[in-house]
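Peer 1: Have a look at the structure that comes next, please.
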Amino acid sequence: WRWRNETPIQTLPRGRDLLIEHPEGFTAHVGFDGWHDVRDIAATEDSCGLWCITVTAAELANHTSIEFTRYFADGGTESNYSVRLASVG
């Protein structure tokens, strides 16, 4: 599933990858379940010219939410987005 400013996802079904996309390059500061297990992921440019990171279904499997902030090369940020992971069953 794709998360963009124009189409933000609030809840992600279990078993799905999450792609976070933006037209400008960015680094995502990502955490899980209320900003635990935090890490930074540099976006890569895809074949359509969008910059994205992918968080795989396997990485999301044991969590209830993912939080992220994007940092851009010009010093700008977009802060504190959250996506809930759908309950199993």
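Please note that chains go A, B, ... in the order of the structure tokens, that every chain numbers its residues from 1, and that ligands are numbered from 1 in the order shown.
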Show which residues sit within 12 Å of range 73-77 of chain A, as a PyMOL selection string. Count only C-alpha atoms, and ignore same-chain residues fewer than 6 positions away.

Peer 2: chain A and resi 24-29+42-43

Peer 1: Would you mind listing what lies within 10 Å of Ile66 in chain A as a list in words, with only C-alpha atoms counted and same-chain residues fewer than 3 positions away left out?

Peer 2: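 The filter keeps Leu12, Leu18, Val30, Gly31, Phe32, Asp33, Gly34, Trp35, His36, Val38, Val55, Leu60, His63, Tyr81, Ser82, Val83, Arg84 and Leu85 of chain A.
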
Peer 1: In chain A, what's alpha helix (DSSP H) per DSSP? Answer as a PDB file with all heavy atoms, in the first residue's frame?

Peer 2:
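File written: result-v3.pdb
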ATOM      1  N   ALA A  57       5.971  -6.197   5.045  1.00  0.00           N
ATOM      2  CA  ALA A  57       4.990  -6.848   5.914  1.00  0.00           C
ATOM      3  C   ALA A  57       5.686  -7.620   7.030  1.00  0.00           C
ATOM      4  O   ALA A  57       5.213  -7.631   8.168  1.00  0.00           O
ATOM      5  CB  ALA A  57       4.100  -7.771   5.083  1.00  0.00           C
ATOM      6  N   ALA A  58       6.816  -8.228   6.726  1.00  0.00           N
ATOM      7  CA  ALA A  58       7.559  -8.970   7.747  1.00  0.00           C
ATOM      8  C   ALA A  58       8.076  -8.041   8.842  1.00  0.00           C
ATOM      9  O   ALA A  58       8.047  -8.385  10.033  1.00  0.00           O
ATOM     10  CB  ALA A  58       8.717  -9.733   7.111  1.00  0.00           C
ATOM     11  N   GLU A  59       8.521  -6.836   8.473  1.00  0.00           N
ATOM     12  CA  GLU A  59       8.990  -5.861   9.469  1.00  0.00           C
ATOM     13  C   GLU A  59       7.838  -5.338  10.327  1.00  0.00           C
ATOM     14  O   GLU A  59       8.043  -4.967  11.486  1.00  0.00           O
ATOM     15  CB  GLU A  59       9.675  -4.684   8.778  1.00  0.00           C
ATOM     16  CG  GLU A  59      10.976  -5.048   8.093  1.00  0.00           C
ATOM     17  CD  GLU A  59      11.525  -3.902   7.281  1.00  0.00           C
ATOM     18  OE1 GLU A  59      10.890  -3.519   6.274  1.00  0.00           O
ATOM     19  OE2 GLU A  59      12.586  -3.374   7.667  1.00  0.00           O
ATOM     20  N   LEU A  60       6.645  -5.313   9.777  1.00  0.00           N
ATOM     21  CA  LEU A  60       5.473  -4.796  10.473  1.00  0.00           C
ATOM     22  C   LEU A  60       4.736  -5.859  11.289  1.00  0.00           C
ATOM     23  O   LEU A  60       3.893  -5.529  12.121  1.00  0.00           O
ATOM     24  CB  LEU A  60       4.498  -4.188   9.460  1.00  0.00           C
ATOM     25  CG  LEU A  60       5.001  -2.980   8.677  1.00  0.00           C
ATOM     26  CD1 LEU A  60       4.072  -2.680   7.507  1.00  0.00           C
ATOM     27  CD2 LEU A  60       5.131  -1.780   9.591  1.00  0.00           C
TER      28      LEU A  60
END

Peer 1: Within range 51-84 of chain A, find each residue whose DSSP state, derived from the backbone, is strand (DSSP E), and express the selection as a PyMOL selection string.

Peer 2: chain A and resi 51-55+65-72+77-84

Peer 1: With a distance cut-off of 10 Å and only C-alpha atoms, select the neighbouring residues of Thr54 in chain A, excluding the residue or stretch itself and same-chain residues fewer than 5 positions from it, and output the selection as an MDAnalysis selection string.

Peer 2: chainID A and resid 1:2 17:21 41 43:44 59

Peer 1: If you measure from CA of Glu67 in chain A to CA of Asn80 in chain A, what distance in Å do you get, rounded to one decimal?

Peer 2: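 Atom-to-atom, CA of Glu67 in chain A and CA of Asn80 in chain A are spaced 6.4 Å apart.
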
Peer 1: Would you please work out which residue, of A:Phe68, A:Arg16, A:Cys48, A:Pro23, is nearest to Arg4 in chain A when using only C-alpha atoms?

Peer 2: A:Pro23

Peer 1: Mind pulling up the distance from CA of Gln10 in chain A to CA of His22 in chain A?

Peer 2: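 Here the two named atoms are 17.0 Å from each other.
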
Peer 1: Between CA of Arg14 in chain A and CA of Ala86 in chain A, what is the distance in Å, rounded to a tenth?

Peer 2: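 Answer for the CA of Arg14 in chain A to CA of Ala86 in chain A separation: 5.8 Å.
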
Peer 1: Using only C-alpha atoms, which of the listed residues (A:Ser79, A:Asp37, A:Asp46, A:Ser87) sits closest to Ala61 in chain A?

Peer 2: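 Counting only C-alpha atoms, the residue closest to Ala61 in chain A is A:Ser87.
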
Peer 1: Counting only C-alpha atoms, figure out which residue out of A:Ser65, A:Asp40, A:Glu78, A:Tyr71 gets nearest to Asn5 in chain A.

Peer 2: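 Using only C-alpha atoms, Asn5 in chain A sits closest to A:Glu78.
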